[in-house]
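This report concerns only the one structure given below.
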Amino acid sequence: MSTYHIKADAFVLPGSVAQGGYLTVADGSFGFWSAERPEGEVLDLTGTIVAPGLVDTHIHGFFNHATTDCDPDGINASSLELARRGTTAWIPTTFTDDVERIGEQCAAIAQAVEKRDPGFTGARVPGIYLEGPFFTMKHVGAQNPAYLIAPSYDVFAAWQEKAGGLIVKSALAPEREGALDYIARLDAEGVVTSIGHSDATYDEALAAVNAGASCFVHTYNGQRGLHHRDPGCVGCAMATPNTYAEIICDGKHVKPAAIKALMDAKGWQHTVLITDCLGCGGMPEGSYMSGGLPVEMRGGACYLAGQDTLAGSVLTLVEGVKNMVDWGLASFDQAIRMATEVPARSAHVDAVCGSIKPGRAADFIALNHDLTLAASYVGGTQVGA
C-alpha cells in the first residue's frame, strides 16, 4: 500500500483539535500529524474536518441484516453499509433469546470476522455485546419476555467459547439473583457489565457498580427512573462519576433536555452516544422483525407492532453527532469524541479503535462543516470509492 498525507481544515486528534496541517497514512495505518506539508502524495480534503471513524457500541444490525439472523455474510453486509455511513467500528448486539440461539448468534458474528478478506472496507467488529437475557419483566421493553433468565456465569462462559473470546460487554438487571457474582466474575476477566432493563433501586444499582458494573444501558429507557426520594437506576448513573452512560441520540428515545441533565451530571467524557439501531436501519418504512418480535418503522423510529412502545432506533451515529451539536448540547469535537473515544473506552476496545493514533489502522471520516458526512475510510481506503 502507498503512503499519502491528508490535508484538511482540522483534525480531531487525541486531546486536541489541530487546525489545518497534514496527517500521514502509511500502508493503511496512521502516521503523524504535521503542520508543514511532508514530501509525497497529498489527499486533499480541504473544506472538511477529519475525525476518527465512529464507534457504535450498541447496535443490533443494519440494512436488513441483524445479529439474530445467525448469518456471517449478513454481518459483513451490515459492516459495509455502516462504514459507508461513517461508522467504522461496531459491536454487534444480541437480544434476549433462547440460550442456544444466543450462542449461535455469537458464533456467526465470530465467523463473520474470520472470513473477511484483508482488503475488506466494512466496519470493524472489535467485540460482541450481549443485551440480555438477564433482565426484569417490568422493564422488558422490546426484549422477548419468554427467554428472561437469571444471570449465570456458566451460560456466559459457553457463549464466550462460541464467540472465540469476542464478547466484551454484557447487560443485566442487578436485582436478579446471582447478579453481583456474575458482575464480579466478568469484571475479573475484563468484560464490561452494563445495567439496564432493570427496576433496581439506587442501592441495588450502586451495589452492582461496586461489584464492577461500569455502564448503563440506553440511560432513561428500560430502567427505573429518577425520583427525588427514589433515585433508581437513572440516579445511580448520574451519581457515579466513573461509570459510563449510553444515550440514544435520535431525539425520540430521550428529549434533548434530559440528555443535557445527564451530561451535566456525568460530563461528556462519560456519556456514550449510541444508536441502538435495529436490523431494519437503512431500509424504507414498513413492517419488520426484530429480536423475534414484529416491529413497525415509522416516523424515524421503530415501535412494537400495533403499539407505541419504542423497540429501537434507525439512527446512524453520524446523525447522532450532528444532533448533539444542533441541539446545543456539545461542541463539534466533544460530540465526535462521544461517538469515538468515549464509547471505545467504555467497552474496553480503545486499543483498536476510537482515536487517530500513530500505528493504528487508518479508519477515519471526513465531515463537512455542517457535520454531514463527506467520506469514510477504513484502513486508509475510501469506502465505496
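Letters A, B, ... go to the chains of the C-alpha cells in the order shown; residues in each chain start at 1; ligands are counted from 1 in the same order.
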
Region 192-234 of chain A near region 335-359 of chain A within 8 Å: what's each residue's closest atom pair and its distance in Å to one decimal, counting only C-alpha atoms, ordered by chain then ascending residue number, as CSV?
residue,atom,partner,partner_atom,distance
A:Val192,CA,A:Ala347,CA,6.3
A:Ser214,CA,A:Ser346,CA,7.8
A:Cys215,CA,A:Ser346,CA,7.2

Same residues, C-alpha atoms, saved as a PDB file, in the first residue's frame:
ATOM      1  CA  VAL A 192     -17.837  -4.859  30.853  1.00  0.00           C
ATOM      2  CA  SER A 214     -19.333   0.232  34.726  1.00  0.00           C
ATOM      3  CA  CYS A 215     -22.006   1.191  32.205  1.00  0.00           C
TER       4      CYS A 215
END

Quick one: pick out all strand (DSSP E) residues within region 180-371 of chain A from a backbone DSSP run and write them as a PDB file with C-alpha atoms, in the first residue's frame.
ATOM      1  CA  VAL A 192     -17.837  -4.859  30.853  1.00  0.00           C
ATOM      2  CA  THR A 193     -21.170  -5.344  32.607  1.00  0.00           C
ATOM      3  CA  SER A 194     -23.902  -2.818  31.947  1.00  0.00           C
ATOM      4  CA  ILE A 195     -27.044  -2.072  33.984  1.00  0.00           C
ATOM      5  CA  CYS A 215     -22.006   1.191  32.205  1.00  0.00           C
ATOM      6  CA  PHE A 216     -25.736   1.896  31.958  1.00  0.00           C
ATOM      7  CA  TYR A 244     -20.423   5.380  31.529  1.00  0.00           C
ATOM      8  CA  ALA A 245     -23.979   6.123  30.412  1.00  0.00           C
ATOM      9  CA  GLU A 246     -25.222   5.131  26.967  1.00  0.00           C
ATOM     10  CA  ILE A 247     -27.704   7.538  25.397  1.00  0.00           C
ATOM     11  CA  ILE A 248     -29.786   7.092  22.236  1.00  0.00           C
ATOM     12  CA  THR A 271     -21.662   9.961  28.088  1.00  0.00           C
ATOM     13  CA  VAL A 272     -21.698   7.408  25.270  1.00  0.00           C
ATOM     14  CA  LEU A 273     -23.584   8.156  22.070  1.00  0.00           C
ATOM     15  CA  ILE A 274     -25.222   5.006  20.717  1.00  0.00           C
ATOM     16  CA  GLY A 286     -42.663  -0.622   6.933  1.00  0.00           C
ATOM     17  CA  SER A 287     -43.050  -3.839   8.921  1.00  0.00           C
ATOM     18  CA  TYR A 288     -40.047  -5.886  10.034  1.00  0.00           C
ATOM     19  CA  MET A 289     -38.994  -8.488  12.620  1.00  0.00           C
ATOM     20  CA  SER A 290     -36.579  -7.572  15.400  1.00  0.00           C
ATOM     21  CA  LEU A 293     -40.828  -9.648  17.647  1.00  0.00           C
ATOM     22  CA  PRO A 294     -42.781  -7.791  14.898  1.00  0.00           C
ATOM     23  CA  VAL A 295     -41.952  -4.077  14.673  1.00  0.00           C
ATOM     24  CA  GLU A 296     -43.068  -1.115  12.604  1.00  0.00           C
ATOM     25  CA  MET A 297     -40.662   1.511  11.301  1.00  0.00           C
ATOM     26  CA  ARG A 298     -42.415   4.867  11.120  1.00  0.00           C
ATOM     27  CA  ALA A 301     -38.066   5.160  14.768  1.00  0.00           C
ATOM     28  CA  CYS A 302     -39.192   1.568  15.361  1.00  0.00           C
ATOM     29  CA  TYR A 303     -42.143   0.515  17.510  1.00  0.00           C
ATOM     30  CA  LEU A 304     -43.545  -2.832  18.602  1.00  0.00           C
ATOM     31  CA  LEU A 310     -40.312   2.089  21.165  1.00  0.00           C
ATOM     32  CA  ALA A 311     -38.428  -1.010  20.016  1.00  0.00           C
ATOM     33  CA  GLY A 312     -35.215   0.695  18.955  1.00  0.00           C
ATOM     34  CA  SER A 313     -33.919   3.334  16.609  1.00  0.00           C
ATOM     35  CA  PHE A 364     -11.325   7.917   9.642  1.00  0.00           C
ATOM     36  CA  ILE A 365     -14.100  10.118   8.350  1.00  0.00           C
ATOM     37  CA  ALA A 366     -14.197  13.492   6.648  1.00  0.00           C
ATOM     38  CA  LEU A 367     -17.056  15.707   7.809  1.00  0.00           C
ATOM     39  CA  ASN A 368     -18.350  18.829   6.132  1.00  0.00           C
TER      40      ASN A 368
END

Using only C-alpha atoms, which residue out of A:Leu206, A:Ala8, A:Ser152, A:Phe62 lies closest to Arg85 (chain A)? A:Phe62

Separation of CA of Tyr202 (chain A) and CA of Pro151 (chain A), in Å?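 Those two atoms sit 19.5 Å apart.
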
Residue with the minimum atom-to-atom distance to Phe156 (chain A), picked from A:Pro241, A:Gly119, A:Pro133, A:Gly292 with only C-alpha atoms counted, is A:Pro133

Per-residue DSSP, region 71-190 of chain A, filtered to helix (DSSP H, G or I), as an MDAnalysis selection string: chainID A and resid 72:84 99:114 137:139 145:147 153:162 179:188

Quick one: everything within 12 Å of region 257-262 of chain A, counting only C-alpha atoms, minus sequence neighbours fewer than 6 positions away in the same chain. Send it as a ChimeraX atom specification. /A:216,218-221,225-226,234-241,244-251,268-273,323-325,327-330

Nearby residues (only C-alpha atoms) at most 10 Å from Glu114 (chain A), same-chain spacing under 5 positions excluded, as a PyMOL selection string: chain A and resi 72+108-109

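Distance annotation: of A:Gly74, A:Gly300, A:Gly53, A:Gly267, the residue with the minimal separation from Ala123 (chain A) is A:Gly53; atom set is only C-alpha atoms.
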
Counting only C-alpha atoms, the option among A:Val168, A:Ala35, A:Val113, A:Cys70 closest to Ile91 (chain A): A:Val168

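Residues within 8 Å of Gly103 (chain A), counting only C-alpha atoms and excluding same-chain residues fewer than 6 positions away, are Ala158, Trp159, Lys162 and Ala163 of chain A.
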
Please produce a file of the residues just selected, as an mmCIF file, in the first residue's frame, where the atoms kept are N, CA and C atoms.
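Result saved to again.cif:
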data_model
loop_
_atom_site.group_PDB
_atom_site.id
_atom_site.type_symbol
_atom_site.label_atom_id
_atom_site.label_comp_id
_atom_site.auth_asym_id
_atom_site.auth_seq_id
_atom_site.Cartn_x
_atom_site.Cartn_y
_atom_site.Cartn_z
ATOM 1 N N ALA A 158 -20.088 -20.414 28.141
ATOM 2 C CA ALA A 158 -20.387 -21.192 26.935
ATOM 3 C C ALA A 158 -20.547 -20.265 25.728
ATOM 4 N N TRP A 159 -21.185 -19.122 25.932
ATOM 5 C CA TRP A 159 -21.313 -18.153 24.834
ATOM 6 C C TRP A 159 -19.940 -17.623 24.426
ATOM 7 N N LYS A 162 -18.103 -19.977 22.191
ATOM 8 C CA LYS A 162 -18.612 -19.971 20.822
ATOM 9 C C LYS A 162 -18.238 -18.679 20.094
ATOM 10 N N ALA A 163 -18.066 -17.617 20.865
ATOM 11 C CA ALA A 163 -17.698 -16.326 20.276
ATOM 12 C C ALA A 163 -16.203 -16.206 20.030
#

Quick one: of A:Lys138, A:Arg101, A:Arg360, A:Lys252, who's nearest to Asp308 (chain A), counting only C-alpha atoms? A:Lys252

Pick from A:Gly190, A:Pro174, A:Gly61, A:Gly132 nearest to Gly279 (chain A), counting only C-alpha atoms: A:Gly61

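Straight-line separation from CA of His227 (chain A) to CA of Gly141 (chain A): 20.4 Å.
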
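The space between CA of Val125 (chain A) and CA of Pro52 (chain A) spans 15.5 Å.
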